[in-house]
Amino acid sequence: MIRKITGLCILAALSAAFVGSAQGRTAWLDEYDYSSVSIGWGTIHKNRSIENNPLTIAGKVYERGIGTHAMSEFVFRLDSQAERFTALVGVDDEIAASPNGRVRASVEFIVLGDGKELFNSGVMKSGMSAKAIDVNLRGVKQLRLITSDAGDGIDYDHADWVMARIEYAGERPELAQPLRAKPYILTPKPGPEPRITGPKVFGARPGNPFLFTLTATGDRPMRFAVAGLPDGLTLDPESGQITGTVKNQGHYKTIVTATNAKGTAQRELRIVIGDAIALTPPMGWNSWNCWGCAVDDQKVRQSAKAMVDTGLINHGWTYINIDDCWMRKRGTDDPVIGEPVRDENGFILPNAKFPDMKGLTDYIHDLGLKAGIYIGPGPTTCQGYEASWQHEQLDAQQFAEWGFDYLKYDWCGYSSVSGNQTLEDLQRPYRLMGGILRQIGRDIVFSLCQYGWGEVWKWGKEVGGQCWRTTGDITDSWSSMAGIGFGQADLYPYAGPGHWNDPDMLVVGKVGWGPNLRDSRLTPDEQYTHISLWCLLSAPLLIGCPIEQMDEFTLNLLTNDEVLEVNQDPLGKQARRVKDADQIQVWAKEMEDGSLAVGIFNMNAYLAKSGSIDWQTLGLQHNEQRRVRDLWRQKDLGIYTARLEAGDVPPHGVLLVRLFPQ
Ligand code: GAL
């Protein structure tokens, strides 16, 4: 009863404040239908919390309002005749009942009028008393009520807007859909003169087929030359493809030349013949985030061809990887995917969507690209298709014969045979396949996919992996992408040439995990953040959209050589988070040439924030001079000493710079 009265008293007080206002009409927030507004979690119930309890903030119950969940944004169209918006806001008490809820909930309530901040609650945590909002809306056309996660993820962010109402004189305010931010291009197109791109170091094993394609931007025709190639290798000067076999281990310093009508470029390429492959993170395409199980031969060929036609290949993009669903299924007579699943000798059979695997890999190789395949150590894959359990040697042999260069080995179905999942159990199937691949006579990048279990980063290299997934599956939302990407902070010691942490594939362009695709739900700034972060993390870069359907923005995002160079740096260091304060994160990656790549990320979803970095935080001498270059814009910002003021970093956006020693 006492609780009810609190709400009524506040209501009375707020009403009193409006005595004398023009027409005094009131639109209560709880009178609107929010069913078409997407929010971070759950469903909005009129006058109830997000979990359908009485609205309660710091022990006080309120009878009117809405309970939402970060991230959420309610947009009201006003006709410039609205007067005021008033409300009380806070974290709902219901989360205190969840373990960790009280600690982890943190939200920020923001009110924007025509893009200008009218109110900001600051970070509000569970148990804090409600804060009062009372803003003047005169002349405002668009009111945005934002519930942000305060930059630390949306977990437990149950947020209440209580006693919330708009006082207006003219038309009743209308609930509208938030506007989608428009893509904008930051990177200038490459110039006509030759510029050599791609990795500066490449590893291959002695005696195995060697395939490396030299890449450069600039007008075509282009001719390549290489001085100092090890014995056994030949170069096709037109395509830039280097093939052959090198017998002996060794480090070879070669000089690559690319020439076109506009000039000549030169760069060193180190070829390392030894045991290590994937000396820089693999870059390519994978079918999963776009096509899911709807993948087929045609779709793979289309992306491979588009990798060349769009010019992506000229920036170092290499692998074309088929994910799940290319095999057959036991116990089904479906004419496309049905039995038999293996031939009389036990070799695995592709389903009818992949009529000619060797033909497909030949097609990919002829384009100057490499081919990847997927299977798992269990009896079946994640999607229930035949997998390698007790056929490991045969499958590896088959993949090598088909000509694959990359294997993603996904745990999934192995749970049915893995035993107790002790560390030993977790490692066993990977150690087995890792050993087989090492002896198979072909350089096949071994990509472990078991979602980071058993701290795989500590042993993935030892069982033969070149990369290992560190998390569950990514999806095209900020909470997923940022949760995964910014969650990699402790893993930097485990990445290095030939062994990489893999925070999962890219979610830019059109995605869909099935036959129907849509544009990635990440905003343009979130996509700049995604690519910047993955490059700083030295993560494998696997495009997850059909390349033949790629728009200008996405293509631009994936063809900035200065950004990709951060990913492909031969030193192979993973960036460290050097600052995490006030919703700004700063990550820094040491580069081979002594420069530092630095990402300044704005974790706030709605407000631009100015970031700064001082040399001390980056481990630089206070008086050191650095030339600072904006990598997305490919523009020098100037020479700086002691610190860099980053200016406004857009909501969920990034400033990616490189600090060169002077
Ligand atoms: C998941 C894996 C995804 C994708 C999928 C295919 O286990 O993490 O990346 O490969 O299986 O079924």
# chains A, B, ... in the order shown; residues from 1 in each chain; ligands from 1
call {"tool": "select_by_dssp", "arguments": {"residues": "segment 200-409 of chain A", "states": "strand (DSSP E or B)", "output": "ChimeraX atom specification"}}
result
/A:201-204,210-213,215-217,223-227,233-235,241-244,250-260,263-273,283-286,319-321,327,342,348,350,370-375,380,386,406-409
call {"tool": "residues_near_ligand", "arguments": {"ligand": "ligand 1", "cutoff": "10 Å", "atoms": "only C-alpha atoms and all ligand atoms", "output": "JSON, numbers by chain"}}
result
{"A": [286, 287, 288, 289, 292, 293, 322, 323, 324, 325, 374, 375, 376, 381, 382, 383, 384, 385, 408, 409, 410, 411, 412, 413, 448, 449, 450, 451, 469, 471, 472, 473, 474, 504, 505, 513]}
call {"tool": "write_last_selection", "arguments": {"atoms": "C-alpha atoms", "output": "PDB file, in the first residue's frame"}}
result
ATOM      1  CA  ASN A 286      33.128 -18.900 -45.540  1.00  0.00           C
ATOM      2  CA  SER A 287      29.638 -20.004 -46.537  1.00  0.00           C
ATOM      3  CA  TRP A 288      28.064 -20.265 -43.084  1.00  0.00           C
ATOM      4  CA  ASN A 289      27.016 -16.731 -42.073  1.00  0.00           C
ATOM      5  CA  GLY A 292      24.006 -21.865 -43.757  1.00  0.00           C
ATOM      6  CA  CYS A 293      22.779 -25.222 -45.048  1.00  0.00           C
ATOM      7  CA  ILE A 322      32.663 -24.420 -47.533  1.00  0.00           C
ATOM      8  CA  ASP A 323      31.095 -24.808 -44.097  1.00  0.00           C
ATOM      9  CA  ASP A 324      28.599 -27.429 -42.892  1.00  0.00           C
ATOM     10  CA  CYS A 325      26.049 -29.313 -45.060  1.00  0.00           C
ATOM     11  CA  TYR A 374      34.422 -28.254 -42.891  1.00  0.00           C
ATOM     12  CA  ILE A 375      33.741 -31.390 -40.904  1.00  0.00           C
ATOM     13  CA  GLY A 376      33.748 -32.499 -37.277  1.00  0.00           C
ATOM     14  CA  THR A 381      28.269 -32.474 -37.809  1.00  0.00           C
ATOM     15  CA  CYS A 382      26.282 -29.763 -36.047  1.00  0.00           C
ATOM     16  CA  GLN A 383      23.562 -30.053 -38.652  1.00  0.00           C
ATOM     17  CA  GLY A 384      23.439 -33.844 -38.449  1.00  0.00           C
ATOM     18  CA  TYR A 385      25.540 -34.671 -41.537  1.00  0.00           C
ATOM     19  CA  LYS A 408      37.475 -26.239 -40.009  1.00  0.00           C
ATOM     20  CA  TYR A 409      36.988 -29.053 -37.515  1.00  0.00           C
ATOM     21  CA  ASP A 410      33.846 -28.498 -35.483  1.00  0.00           C
ATOM     22  CA  TRP A 411      33.259 -30.307 -32.182  1.00  0.00           C
ATOM     23  CA  CYS A 412      29.412 -30.387 -32.116  1.00  0.00           C
ATOM     24  CA  GLY A 413      28.452 -34.044 -32.722  1.00  0.00           C
ATOM     25  CA  LEU A 448      39.731 -25.708 -34.389  1.00  0.00           C
ATOM     26  CA  CYS A 449      36.091 -24.996 -33.694  1.00  0.00           C
ATOM     27  CA  GLN A 450      35.021 -25.956 -30.196  1.00  0.00           C
ATOM     28  CA  TYR A 451      33.869 -22.558 -28.931  1.00  0.00           C
ATOM     29  CA  ARG A 469      37.555 -20.356 -32.096  1.00  0.00           C
ATOM     30  CA  THR A 471      33.760 -18.255 -28.348  1.00  0.00           C
ATOM     31  CA  GLY A 472      30.346 -19.448 -29.424  1.00  0.00           C
ATOM     32  CA  ASP A 473      28.780 -18.383 -32.711  1.00  0.00           C
ATOM     33  CA  ILE A 474      28.649 -14.744 -33.689  1.00  0.00           C
ATOM     34  CA  ASP A 504      34.473 -16.101 -35.370  1.00  0.00           C
ATOM     35  CA  MET A 505      33.599 -14.923 -38.835  1.00  0.00           C
ATOM     36  CA  TRP A 513      22.408 -18.429 -42.225  1.00  0.00           C
TER      37      TRP A 513
END
call {"tool": "closest_residue", "arguments": {"among": "A:Glu562, A:Asp519, A:Glu238, A:Asp636", "to": "Pro546 of chain A", "atoms": "only C-alpha atoms"}}
result
A:Asp519
call {"tool": "residues_around", "arguments": {"residues": "Ser36 of chain A", "least_positions_apart": "3", "cutoff": "12 Å", "atoms": "only C-alpha atoms", "output": "MDAnalysis selection string"}}
result
chainID A and resid 32:33 39 43:44 72:75 175:178
call {"tool": "residues_around", "arguments": {"residues": "Asp134 of chain A", "least_positions_apart": "2", "cutoff": "7 Å", "atoms": "only C-alpha atoms", "output": "PyMOL selection string"}}
result
chain A and resi 84-87+132+136
call {"tool": "atom_distance", "arguments": {"atom1": "atom CA of Gln621 of chain A", "atom2": "atom CA of Asn567 of chain A"}}
result
25.3 Å
call {"tool": "closest_residue", "arguments": {"among": "A:Pro230, A:Arg633, A:Asp309, A:Ile543", "to": "Asn248 of chain A", "atoms": "only C-alpha atoms"}}
result
A:Pro230
call {"tool": "closest_residue", "arguments": {"among": "A:Leu423, A:Ile50, A:Ile242, A:Ile531", "to": "Asp366 of chain A", "atoms": "only C-alpha atoms"}}
result
A:Ile242
call {"tool": "residues_around", "arguments": {"residues": "Lys589 of chain A", "least_positions_apart": "2", "cutoff": "8 Å", "atoms": "only C-alpha atoms", "output": "JSON, numbers by chain"}}
result
{"A": [536, 537, 573, 574, 575, 576, 587, 591, 596, 597, 598]}
call {"tool": "residues_around", "arguments": {"residues": "Gly599 of chain A", "least_positions_apart": "4", "cutoff": "7 Å", "atoms": "only C-alpha atoms", "output": "list in words"}}
result
Val586, Trp587, Ala588, Val654, Leu655, Leu656 and Val657 of chain A
call {"tool": "decode", "arguments": {"residues": "segment 79-171 of chain A", "atoms": "C-alpha atoms", "output": "PDB file, in the first residue's frame"}}
result
ATOM      1  CA  ASP A  79       4.655  18.339 -34.326  1.00  0.00           C
ATOM      2  CA  SER A  80       6.756  20.986 -32.559  1.00  0.00           C
ATOM      3  CA  GLN A  81       3.873  21.677 -30.229  1.00  0.00           C
ATOM      4  CA  ALA A  82       4.809  19.282 -27.484  1.00  0.00           C
ATOM      5  CA  GLU A  83       5.629  20.940 -24.191  1.00  0.00           C
ATOM      6  CA  ARG A  84       7.464  18.653 -21.824  1.00  0.00           C
ATOM      7  CA  PHE A  85       8.595  15.163 -21.223  1.00  0.00           C
ATOM      8  CA  THR A  86       8.679  13.953 -17.647  1.00  0.00           C
ATOM      9  CA  ALA A  87       9.492  10.578 -16.168  1.00  0.00           C
ATOM     10  CA  LEU A  88      11.377   8.730 -13.491  1.00  0.00           C
ATOM     11  CA  VAL A  89      13.951   6.197 -14.561  1.00  0.00           C
ATOM     12  CA  GLY A  90      15.973   3.440 -12.980  1.00  0.00           C
ATOM     13  CA  VAL A  91      16.956  -0.222 -13.007  1.00  0.00           C
ATOM     14  CA  ASP A  92      14.109  -2.517 -12.010  1.00  0.00           C
ATOM     15  CA  ASP A  93      14.583  -4.326  -8.715  1.00  0.00           C
ATOM     16  CA  GLU A  94      13.611  -7.664 -10.246  1.00  0.00           C
ATOM     17  CA  ILE A  95      17.149  -8.347 -11.401  1.00  0.00           C
ATOM     18  CA  ALA A  96      18.388  -8.479  -7.796  1.00  0.00           C
ATOM     19  CA  ALA A  97      16.847 -11.930  -7.631  1.00  0.00           C
ATOM     20  CA  SER A  98      19.260 -13.246 -10.298  1.00  0.00           C
ATOM     21  CA  PRO A  99      22.750 -14.286  -9.313  1.00  0.00           C
ATOM     22  CA  ASN A 100      25.090 -11.443 -10.373  1.00  0.00           C
ATOM     23  CA  GLY A 101      22.137  -9.344 -11.491  1.00  0.00           C
ATOM     24  CA  ARG A 102      22.626  -6.625  -8.937  1.00  0.00           C
ATOM     25  CA  VAL A 103      26.276  -6.329  -9.773  1.00  0.00           C
ATOM     26  CA  ARG A 104      26.094  -6.506 -13.534  1.00  0.00           C
ATOM     27  CA  ALA A 105      23.082  -4.381 -14.387  1.00  0.00           C
ATOM     28  CA  SER A 106      24.055  -0.924 -15.604  1.00  0.00           C
ATOM     29  CA  VAL A 107      22.060   1.273 -17.896  1.00  0.00           C
ATOM     30  CA  GLU A 108      22.035   4.810 -19.113  1.00  0.00           C
ATOM     31  CA  PHE A 109      18.810   6.659 -19.877  1.00  0.00           C
ATOM     32  CA  ILE A 110      19.177   9.259 -22.574  1.00  0.00           C
ATOM     33  CA  VAL A 111      16.652  11.717 -23.977  1.00  0.00           C
ATOM     34  CA  LEU A 112      17.423  13.296 -27.326  1.00  0.00           C
ATOM     35  CA  GLY A 113      15.405  16.084 -28.934  1.00  0.00           C
ATOM     36  CA  ASP A 114      16.156  16.475 -32.650  1.00  0.00           C
ATOM     37  CA  GLY A 115      19.497  14.778 -32.027  1.00  0.00           C
ATOM     38  CA  LYS A 116      20.473  17.037 -29.112  1.00  0.00           C
ATOM     39  CA  GLU A 117      20.980  15.535 -25.684  1.00  0.00           C
ATOM     40  CA  LEU A 118      18.284  16.855 -23.347  1.00  0.00           C
ATOM     41  CA  PHE A 119      18.871  14.434 -20.520  1.00  0.00           C
ATOM     42  CA  ASN A 120      21.421  11.822 -19.586  1.00  0.00           C
ATOM     43  CA  SER A 121      21.042   9.840 -16.390  1.00  0.00           C
ATOM     44  CA  GLY A 122      24.671   8.764 -16.292  1.00  0.00           C
ATOM     45  CA  VAL A 123      25.310   5.128 -15.463  1.00  0.00           C
ATOM     46  CA  MET A 124      22.532   3.767 -13.265  1.00  0.00           C
ATOM     47  CA  LYS A 125      22.917   0.544 -11.370  1.00  0.00           C
ATOM     48  CA  SER A 126      20.623  -1.741  -9.522  1.00  0.00           C
ATOM     49  CA  GLY A 127      19.403  -0.325  -6.204  1.00  0.00           C
ATOM     50  CA  MET A 128      19.902   3.327  -7.152  1.00  0.00           C
ATOM     51  CA  SER A 129      16.898   5.581  -6.546  1.00  0.00           C
ATOM     52  CA  ALA A 130      14.950   6.684  -9.578  1.00  0.00           C
ATOM     53  CA  LYS A 131      16.165   9.834 -11.320  1.00  0.00           C
ATOM     54  CA  ALA A 132      13.678  12.434 -12.445  1.00  0.00           C
ATOM     55  CA  ILE A 133      13.511  13.694 -16.001  1.00  0.00           C
ATOM     56  CA  ASP A 134      11.834  16.975 -16.815  1.00  0.00           C
ATOM     57  CA  VAL A 135      12.729  18.384 -20.206  1.00  0.00           C
ATOM     58  CA  ASN A 136      11.307  21.133 -22.321  1.00  0.00           C
ATOM     59  CA  LEU A 137      10.119  19.931 -25.745  1.00  0.00           C
ATOM     60  CA  ARG A 138       9.090  23.241 -27.306  1.00  0.00           C
ATOM     61  CA  GLY A 139       9.951  23.245 -30.998  1.00  0.00           C
ATOM     62  CA  VAL A 140      11.191  19.653 -30.930  1.00  0.00           C
ATOM     63  CA  LYS A 141      10.150  17.454 -33.849  1.00  0.00           C
ATOM     64  CA  GLN A 142      11.657  14.166 -32.882  1.00  0.00           C
ATOM     65  CA  LEU A 143      11.976  12.784 -29.364  1.00  0.00           C
ATOM     66  CA  ARG A 144      14.187   9.745 -28.792  1.00  0.00           C
ATOM     67  CA  LEU A 145      14.056   7.855 -25.504  1.00  0.00           C
ATOM     68  CA  ILE A 146      17.076   5.664 -25.297  1.00  0.00           C
ATOM     69  CA  THR A 147      18.006   2.919 -22.911  1.00  0.00           C
ATOM     70  CA  SER A 148      21.671   2.194 -23.413  1.00  0.00           C
ATOM     71  CA  ASP A 149      23.743  -0.599 -21.895  1.00  0.00           C
ATOM     72  CA  ALA A 150      26.198   1.986 -20.543  1.00  0.00           C
ATOM     73  CA  GLY A 151      28.807   0.485 -22.802  1.00  0.00           C
ATOM     74  CA  ASP A 152      29.314  -2.787 -20.941  1.00  0.00           C
ATOM     75  CA  GLY A 153      26.900  -5.220 -22.572  1.00  0.00           C
ATOM     76  CA  ILE A 154      23.191  -5.661 -21.990  1.00  0.00           C
ATOM     77  CA  ASP A 155      23.247  -8.390 -19.333  1.00  0.00           C
ATOM     78  CA  TYR A 156      20.577  -7.814 -16.669  1.00  0.00           C
ATOM     79  CA  ASP A 157      19.790  -4.352 -18.019  1.00  0.00           C
ATOM     80  CA  HIS A 158      16.112  -4.234 -16.999  1.00  0.00           C
ATOM     81  CA  ALA A 159      15.238  -0.586 -17.278  1.00  0.00           C
ATOM     82  CA  ASP A 160      12.082   1.224 -16.214  1.00  0.00           C
ATOM     83  CA  TRP A 161      10.647   4.495 -17.526  1.00  0.00           C
ATOM     84  CA  VAL A 162       7.898   5.147 -14.984  1.00  0.00           C
ATOM     85  CA  MET A 163       5.247   7.843 -14.713  1.00  0.00           C
ATOM     86  CA  ALA A 164       6.530   8.795 -18.145  1.00  0.00           C
ATOM     87  CA  ARG A 165       4.530  11.162 -20.266  1.00  0.00           C
ATOM     88  CA  ILE A 166       4.611  13.794 -22.947  1.00  0.00           C
ATOM     89  CA  GLU A 167       2.571  16.959 -22.434  1.00  0.00           C
ATOM     90  CA  TYR A 168       1.463  18.368 -25.756  1.00  0.00           C
ATOM     91  CA  ALA A 169      -0.792  20.939 -27.304  1.00  0.00           C
ATOM     92  CA  GLY A 170      -1.201  19.954 -30.979  1.00  0.00           C
ATOM     93  CA  GLU A 171      -1.201  16.518 -32.577  1.00  0.00           C
TER      94      GLU A 171
END
